[in-house]
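Text of run.txt, listed as compact mmCIF, C-alpha atoms and all ligand atoms:
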# COMPACT_ATOMS: atom_id res chain seq x y z
CA MET A 66 253.00 156.36 67.84
CA THR A 67 255.06 157.15 64.74
CA THR A 68 255.49 160.59 63.25
CA ALA A 69 255.31 160.94 59.49
CA THR A 70 258.38 161.89 57.46
CA LEU A 71 258.15 165.53 56.36
CA LEU A 72 257.73 166.16 52.62
CA ASP A 73 259.62 169.44 52.76
CA GLY A 74 258.52 171.62 49.85
CA LYS A 75 260.49 174.60 51.08
CA ALA A 76 263.77 172.68 50.95
CA ALA A 77 262.95 171.11 47.56
CA ALA A 78 261.97 174.51 46.14
CA ALA A 79 265.29 175.97 47.33
CA GLU A 80 267.14 173.23 45.40
CA ILE A 81 265.05 173.87 42.28
CA LYS A 82 265.64 177.62 42.50
CA ALA A 83 269.40 177.09 42.71
CA GLU A 84 269.24 174.92 39.55
CA LEU A 85 267.09 177.53 37.79
CA ALA A 86 269.42 180.40 38.75
CA ALA A 87 272.21 178.64 36.83
CA ARG A 88 269.95 178.16 33.78
CA VAL A 89 268.91 181.83 33.91
CA GLN A 90 272.59 182.84 33.98
CA ALA A 91 273.20 180.69 30.89
CA LEU A 92 270.28 182.38 29.12
CA LYS A 93 271.64 185.81 30.04
CA THR A 94 275.01 185.00 28.49
CA ARG A 95 273.02 184.42 25.27
CA GLY A 96 271.40 187.86 25.70
CA VAL A 97 268.06 186.47 26.92
CA THR A 98 266.56 187.68 30.22
CA PRO A 99 263.43 185.66 31.02
CA GLY A 100 260.52 187.75 32.31
CA LEU A 101 257.48 186.62 34.32
CA GLY A 102 254.31 188.67 34.05
CA THR A 103 251.48 188.60 36.60
CA ILE A 104 248.02 190.10 36.33
CA LEU A 105 246.35 190.66 39.68
CA VAL A 106 242.81 192.01 39.87
CA GLY A 107 241.34 193.34 43.12
CA ASP A 108 242.35 193.51 46.77
CA ASP A 109 242.30 189.92 48.00
CA PRO A 110 245.13 189.87 50.60
CA ALA A 111 246.02 186.20 49.95
CA SER A 112 246.33 186.79 46.20
CA HIS A 113 248.52 189.86 46.83
CA SER A 114 250.70 187.78 49.14
CA TYR A 115 251.03 184.91 46.58
CA VAL A 116 251.91 187.31 43.75
CA GLY A 117 254.42 189.10 45.99
CA GLY A 118 256.03 185.72 46.73
CA LYS A 119 256.24 184.90 43.02
CA HIS A 120 258.13 188.13 42.32
CA ARG A 121 260.47 187.62 45.29
CA ASP A 122 261.29 184.21 43.81
CA CYS A 123 261.96 185.85 40.42
CA ALA A 124 264.45 188.26 42.00
CA GLN A 125 266.23 185.32 43.69
CA VAL A 126 266.83 183.45 40.42
CA GLY A 127 267.40 186.44 38.13
CA ILE A 128 264.05 186.41 36.29
CA ALA A 129 262.67 189.88 35.44
CA SER A 130 259.28 190.84 36.91
CA ILE A 131 256.42 192.48 35.05
CA ARG A 132 253.59 193.29 37.49
CA VAL A 133 250.15 194.38 36.35
CA GLU A 134 247.64 195.34 39.06
CA LEU A 135 244.05 196.27 38.32
CA PRO A 136 241.37 197.48 40.76
CA ALA A 137 238.49 195.24 41.87
CA THR A 138 236.25 197.41 39.68
CA ALA A 139 238.20 196.51 36.50
CA SER A 140 235.90 195.46 33.66
CA GLN A 141 236.17 192.32 31.52
CA ALA A 142 237.59 194.55 28.76
CA ASP A 143 240.24 195.98 31.15
CA VAL A 144 241.43 192.49 32.16
CA GLU A 145 241.41 191.23 28.59
CA ALA A 146 243.39 194.31 27.45
CA ALA A 147 246.03 193.53 30.10
CA VAL A 148 246.29 189.96 28.75
CA LEU A 149 246.70 191.21 25.18
CA ARG A 150 249.46 193.64 26.29
CA LEU A 151 251.47 190.83 27.90
CA ASN A 152 250.86 188.57 24.88
CA ALA A 153 252.57 191.26 22.80
CA ASP A 154 255.35 192.16 25.25
CA PRO A 155 258.68 190.68 24.04
CA ALA A 156 260.19 191.06 27.53
CA CYS A 157 257.59 188.64 28.92
CA ALA A 158 258.46 184.94 28.41
CA GLY A 159 255.26 183.91 30.11
CA PHE A 160 252.60 185.16 32.50
CA ILE A 161 249.78 184.21 34.81
CA VAL A 162 246.44 185.70 35.73
CA GLN A 163 246.17 185.27 39.49
CA LEU A 164 243.05 183.31 40.46
CA PRO A 165 240.40 183.70 41.65
CA LEU A 166 239.28 186.69 39.58
CA PRO A 167 236.45 188.85 40.92
CA ALA A 168 233.02 187.25 40.40
CA HIS A 169 231.97 189.68 37.65
CA ILE A 170 234.90 188.58 35.42
CA ASP A 171 234.50 185.61 33.05
CA THR A 172 237.60 183.61 34.04
CA HIS A 173 237.45 181.15 31.15
CA ALA A 174 237.25 183.95 28.58
CA VAL A 175 240.32 185.60 30.13
CA LEU A 176 242.37 182.38 30.28
CA GLU A 177 241.45 181.55 26.68
CA LEU A 178 242.87 184.89 25.52
CA ILE A 179 246.37 184.09 26.83
CA ASP A 180 248.84 183.22 24.06
CA PRO A 181 249.28 179.44 24.73
CA THR A 182 253.06 179.79 24.24
CA LYS A 183 253.11 182.33 27.10
CA ASP A 184 250.79 180.37 29.41
CA ALA A 185 253.01 180.00 32.49
CA ASP A 186 250.19 178.31 34.44
CA GLY A 187 249.40 175.65 31.82
CA LEU A 188 245.71 176.48 32.20
CA HIS A 189 244.93 177.59 28.61
CA PRO A 190 242.48 175.18 26.92
CA THR A 191 245.11 174.40 24.26
CA ASN A 192 247.64 173.39 26.90
CA LEU A 193 245.11 171.39 28.93
CA GLY A 194 244.19 169.67 25.63
CA ARG A 195 247.89 168.93 25.03
CA LEU A 196 248.04 167.41 28.51
CA VAL A 197 245.07 165.15 27.71
CA LEU A 198 246.68 164.09 24.41
CA GLY A 199 250.17 163.63 25.87
CA ILE A 200 251.73 166.43 23.76
CA PRO A 201 254.49 168.38 25.58
CA GLY A 202 253.49 171.83 26.84
CA PRO A 203 253.51 173.94 30.00
CA LEU A 204 252.03 172.03 32.93
CA PRO A 205 249.85 173.42 35.74
CA CYS A 206 252.17 174.45 38.58
CA THR A 207 250.60 172.82 41.66
CA PRO A 208 250.14 169.33 40.12
CA ARG A 209 253.63 169.55 38.63
CA GLY A 210 254.96 170.55 42.05
CA ILE A 211 253.16 167.67 43.77
CA ILE A 212 254.63 165.09 41.38
CA ASP A 213 258.10 166.62 41.64
CA LEU A 214 257.89 166.65 45.47
CA LEU A 215 256.90 162.96 45.49
CA ARG A 216 259.73 162.03 43.10
CA ARG A 217 262.36 163.99 45.06
CA ASN A 218 261.28 162.09 48.19
CA GLN A 219 261.35 158.69 46.46
CA VAL A 220 257.59 158.19 46.89
CA ALA A 221 256.61 155.63 44.22
CA ILE A 222 253.83 156.72 41.87
CA THR A 223 253.47 154.08 39.13
CA GLY A 224 250.85 151.45 39.87
CA ARG A 225 249.88 153.03 43.16
CA GLN A 226 246.41 154.04 44.27
CA PHE A 227 245.89 157.81 44.62
CA CYS A 228 242.89 159.51 46.18
CA VAL A 229 242.67 163.15 45.04
CA ILE A 230 240.09 165.12 47.00
CA GLY A 231 238.81 168.19 45.14
CA CYS A 232 238.58 168.66 41.37
CA GLY A 233 239.28 172.37 40.87
CA ILE A 234 241.07 173.59 37.74
CA THR A 235 244.38 174.51 39.41
CA VAL A 236 244.93 171.29 41.39
CA GLY A 237 242.64 168.23 41.41
CA ARG A 238 241.46 167.97 37.83
CA PRO A 239 244.86 168.49 36.12
CA LEU A 240 246.56 166.35 38.79
CA GLY A 241 244.28 163.45 37.86
CA LEU A 242 245.27 163.89 34.20
CA MET A 243 248.99 164.09 35.00
CA LEU A 244 249.03 161.10 37.34
CA THR A 245 247.42 158.87 34.72
CA ARG A 246 249.97 159.68 31.96
CA SER A 247 252.19 156.77 30.98
CA THR A 248 255.13 158.49 32.71
CA GLU A 249 253.29 158.29 36.06
CA TYR A 250 250.70 155.54 35.49
CA ALA A 251 248.98 155.78 38.86
CA THR A 252 245.41 154.72 39.51
CA VAL A 253 243.43 157.77 40.56
CA THR A 254 240.15 158.22 42.35
CA LEU A 255 239.05 161.86 42.02
CA CYS A 256 236.63 162.75 44.82
CA HIS A 257 234.43 165.84 44.99
CA GLU A 258 231.44 167.29 46.81
CA ALA A 259 229.06 164.70 45.40
CA THR A 260 231.27 161.69 46.22
CA GLN A 261 229.23 159.32 48.41
CA ASP A 262 231.94 158.20 50.84
CA THR A 263 235.22 160.07 50.36
CA ALA A 264 236.64 158.56 53.55
CA ALA A 265 236.25 155.04 52.12
CA HIS A 266 238.18 156.04 48.98
CA ALA A 267 240.91 157.69 51.05
CA ARG A 268 241.30 154.67 53.37
CA VAL A 269 242.39 152.38 50.55
CA ALA A 270 244.78 154.90 48.97
CA ASP A 271 248.58 154.75 49.01
CA VAL A 272 248.68 158.52 48.46
CA VAL A 273 246.00 161.02 49.52
CA VAL A 274 246.05 164.55 48.07
CA ALA A 275 243.63 166.87 49.89
CA ALA A 276 242.81 169.91 47.77
CA ALA A 277 239.22 170.67 48.72
CA GLY A 278 239.67 173.85 50.75
CA VAL A 279 237.77 172.38 53.73
CA ALA A 280 239.64 172.76 57.02
CA HIS A 281 240.63 169.45 58.66
CA LEU A 282 238.44 167.43 56.29
CA VAL A 283 240.87 164.49 56.36
CA GLY A 284 241.26 162.95 59.80
CA PRO A 285 243.57 160.13 60.97
CA ASP A 286 240.74 157.58 60.58
CA TRP A 287 240.72 158.32 56.81
CA ILE A 288 244.34 157.26 56.30
CA LYS A 289 245.84 153.81 55.75
CA PRO A 290 248.81 153.45 58.13
CA GLY A 291 252.02 154.38 56.31
CA ALA A 292 250.28 156.18 53.43
CA THR A 293 251.62 159.41 51.93
CA VAL A 294 249.43 162.47 52.54
CA LEU A 295 249.62 165.95 50.99
CA SER A 296 247.68 168.78 52.61
CA VAL A 297 247.17 171.23 49.74
CA GLY A 298 243.96 173.17 50.40
CA ILE A 299 244.01 175.85 53.05
CA THR A 300 241.47 177.86 55.05
CA ARG A 301 242.48 181.17 56.62
CA THR A 302 241.02 181.74 60.09
CA VAL A 303 241.68 184.22 62.88
CA GLU A 304 243.82 181.53 64.53
CA GLY A 305 245.92 181.16 61.37
CA ILE A 306 246.07 178.83 58.38
CA LEU A 307 244.28 175.47 58.66
CA GLY A 308 245.02 172.73 56.14
CA ASP A 309 242.58 170.21 54.66
CA VAL A 310 244.42 167.52 56.65
CA HIS A 311 244.04 167.32 60.44
CA PRO A 312 247.42 167.57 62.25
CA ASP A 313 246.81 164.17 63.95
CA VAL A 314 247.24 162.50 60.54
CA ASP A 315 250.95 162.89 61.32
CA GLN A 316 250.59 159.92 63.72
CA VAL A 317 249.28 157.55 61.02
CA ALA A 318 250.82 158.65 57.70
CA GLY A 319 254.22 157.46 56.50
CA SER A 320 255.01 160.84 54.98
CA LEU A 321 253.19 164.14 55.03
CA ALA A 322 253.33 167.46 53.14
CA PRO A 323 252.06 170.13 55.57
CA PRO A 324 249.73 172.96 54.48
CA VAL A 325 252.54 175.52 54.89
CA GLY A 326 256.00 174.70 53.57
CA GLY A 327 254.74 171.69 51.63
CA VAL A 328 253.16 172.02 48.20
CA GLY A 329 252.90 175.87 48.17
CA PRO A 330 256.64 176.55 47.66
CA MET A 331 256.67 173.83 44.96
CA THR A 332 253.85 175.63 43.10
CA ARG A 333 256.01 178.74 43.00
CA ALA A 334 259.12 176.79 41.96
CA MET A 335 257.22 175.17 39.07
CA LEU A 336 256.04 178.57 37.88
CA LEU A 337 259.67 179.67 37.63
CA THR A 338 260.48 176.40 35.86
CA ASN A 339 257.75 177.03 33.29
CA ILE A 340 259.19 180.51 32.66
CA VAL A 341 262.76 179.28 32.25
CA GLU A 342 261.60 176.51 29.91
CA ALA A 343 259.61 179.04 27.83
CA ALA A 344 262.68 181.31 27.58
CA GLU A 345 264.89 178.36 26.63
CA ARG A 346 262.45 177.38 23.86
CA GLY A 347 262.46 180.98 22.56
CA ARG A 348 259.69 182.59 20.55
CA PRO A 349 258.06 180.21 18.02
N1 LIG A 401 246.93 181.67 38.39
C1 LIG A 401 246.95 180.89 39.50
N2 LIG A 401 246.23 181.25 40.55
C2 LIG A 401 246.25 180.46 41.66
C3 LIG A 401 247.08 179.31 41.73
C4 LIG A 401 247.82 178.96 40.58
O1 LIG A 401 248.55 177.92 40.53
N3 LIG A 401 247.75 179.79 39.49
N4 LIG A 401 247.17 178.58 42.91
C5 LIG A 401 246.65 179.14 44.15
C6 LIG A 401 247.55 180.06 44.91
N5 LIG A 401 248.99 179.94 44.71
C7 LIG A 401 249.51 180.33 43.54
O2 LIG A 401 249.12 181.28 42.94
C8 LIG A 401 249.88 179.66 45.80
C9 LIG A 401 249.41 179.16 46.99
C10 LIG A 401 250.29 178.98 48.07
C11 LIG A 401 251.62 179.30 47.95
C12 LIG A 401 252.59 179.21 49.08
O3 LIG A 401 253.78 179.31 48.86
N6 LIG A 401 252.11 179.05 50.30
C13 LIG A 401 252.95 179.11 51.47
C14 LIG A 401 252.15 179.71 52.60
C15 LIG A 401 251.75 181.11 52.26
C16 LIG A 401 251.00 181.80 53.35
O4 LIG A 401 251.44 181.79 54.49
O5 LIG A 401 249.97 182.39 53.02
C17 LIG A 401 253.41 177.73 51.88
O6 LIG A 401 252.74 176.74 51.55
O7 LIG A 401 254.43 177.65 52.56
C18 LIG A 401 252.07 179.77 46.76
C19 LIG A 401 251.20 179.95 45.69
C20 LIG A 401 245.38 179.92 43.86
N7 LIG A 401 245.53 180.81 42.76

Show me this structure written as structure tokens.
Ligand SMILES: Nc1nc2c(c(=O)[nH]1)N[C@@H](CN(C=O)c1ccc(C(=O)N[C@@H](CCC(=O)O)C(=O)O)cc1)CN2
Amino acid sequence: MTTATLLDGKAAAAEIKAELAARVQALKTRGVTPGLGTILVGDDPASHSYVGGKHRDCAQVGIASIRVELPATASQADVEAAVLRLNADPACAGFIVQLPLPAHIDTHAVLELIDPTKDADGLHPTNLGRLVLGIPGPLPCTPRGIIDLLRRNQVAITGRQFCVIGCGITVGRPLGLMLTRSTEYATVTLCHEATQDTAAHARVADVVVAAAGVAHLVGPDWIKPGATVLSVGITRTVEGILGDVHPDVDQVAGSLAPPVGGVGPMTRAMLLTNIVEAAERGRP
């Protein structure tokens, strides 16, 4: 039995952060300190942990942190006011609203209020429209991280068959758009809850990206021997974190990004990249 080559997002993210630290130093010599803003609403422990990680990363590369925390009882107007404050804050090169927001908040209305030039997540409708049209703009962090991780590991993309499982707004849907740009030119099957036979689509794929948030959804019998597999979605249980990909896939896949230390650190590294790029562009 073979064991898949590790797609090590932690190591790749460390390389990216070292490159970014040098670019931040260059900005500082020009009198520019890039700042990342985050808006976190409520008490979800995972969201607090992700946002904490983003600010630890900022400290490592020299990016300033602007943290906004609102209680779970915050109203739509409270969240929108926080967005407008960061839109107007000259110390903030870009910011994110940590998702998911509490159920009583209209997420689309909040995201639409972000100044598109400060949209560090690339999730504003203007920036998603730019992505569709092929106009440069900030790109969603997880899909950008997935493509960068594949490239850094010499996994070919152009002309290859991808099966993306899950079509949420932070991963699957924008990943499908990015993979079909002329710079990537992959063939993509985007599977979702209503897909008739997801396993059949996965079995013919050269690369499987599992971002459904269903623990161990993808088993070894779903994978073509030698294929590349990325376990993106996670489920938190009392026993720990379970990925969308069953650990036995390791025996069939050619290379594998694990649910921890795979795509997650790349998501964070791409957020920093979006901030540094925004600071380098300067205010329009
Ligand atoms: N505004 C956004 N909200 C959310 C996004 C996003 O891209 N923008 N994505 C996810 C969460 N996420 C980023 O916010 C994220 C997920 C995972 C990781 C990460 O580094 N994971 C670690 C494991 C962490 C752990 O043990 O819990 C890893 O893979 O090694 C970073 C960021 C939803 N919300």

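A straight line drawn from atom CA of Pro165 of chain A to atom CA of Ser114 of chain A is 13.4 Å long.
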
- Task: Would you kindly return, as a PyMOL selection string, each protein, DNA or RNA residue with an atom no farther than 9 Å from any atom of segment 84-87 of chain A, considering only C-alpha atoms and excluding same-chain residues fewer than 6 positions away?
- Result: chain A and resi 125-128+337-338+341

- Using all atoms listed in the file, which residue out of A:Arg150, A:His281, A:Arg121, A:His257 lies closest to ligand LIG 401 (chain A)?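 Result for the nearest residue to ligand LIG 401 (chain A): A:Arg121.
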
- Residues at most 9 Å from ligand LIG 401 (chain A), using only C-alpha atoms and all ligand atoms? Could they come as a ChimeraX atom specification? /A:74-75,103-104,111-112,114-116,118-119,160-166,185-188,205-208,235-236,297-299,301,305-306,323-333,336

Mind checking which residues fall within 9 Å of Gly107 of chain A, counting only C-alpha atoms, ignoring those fewer than 6 positions away in the same chain, and posting them as a compact mmCIF listing (two decimals) with C-alpha atoms, in the coordinates of the input?
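Below you can see selection_32.txt, which holds the result:
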# COMPACT_ATOMS: atom_id res chain seq x y z
CA HIS A 113 248.52 189.86 46.83
CA GLU A 134 247.64 195.34 39.06
CA LEU A 135 244.05 196.27 38.32
CA PRO A 136 241.37 197.48 40.76
CA ALA A 137 238.49 195.24 41.87
CA THR A 138 236.25 197.41 39.68
CA ALA A 139 238.20 196.51 36.50
CA LEU A 166 239.28 186.69 39.58
CA PRO A 167 236.45 188.85 40.92

- Take atom CA of Gln219 of chain A and atom CA of Thr293 of chain A and report the distance between them in Å, one decimal. 11.2 Å
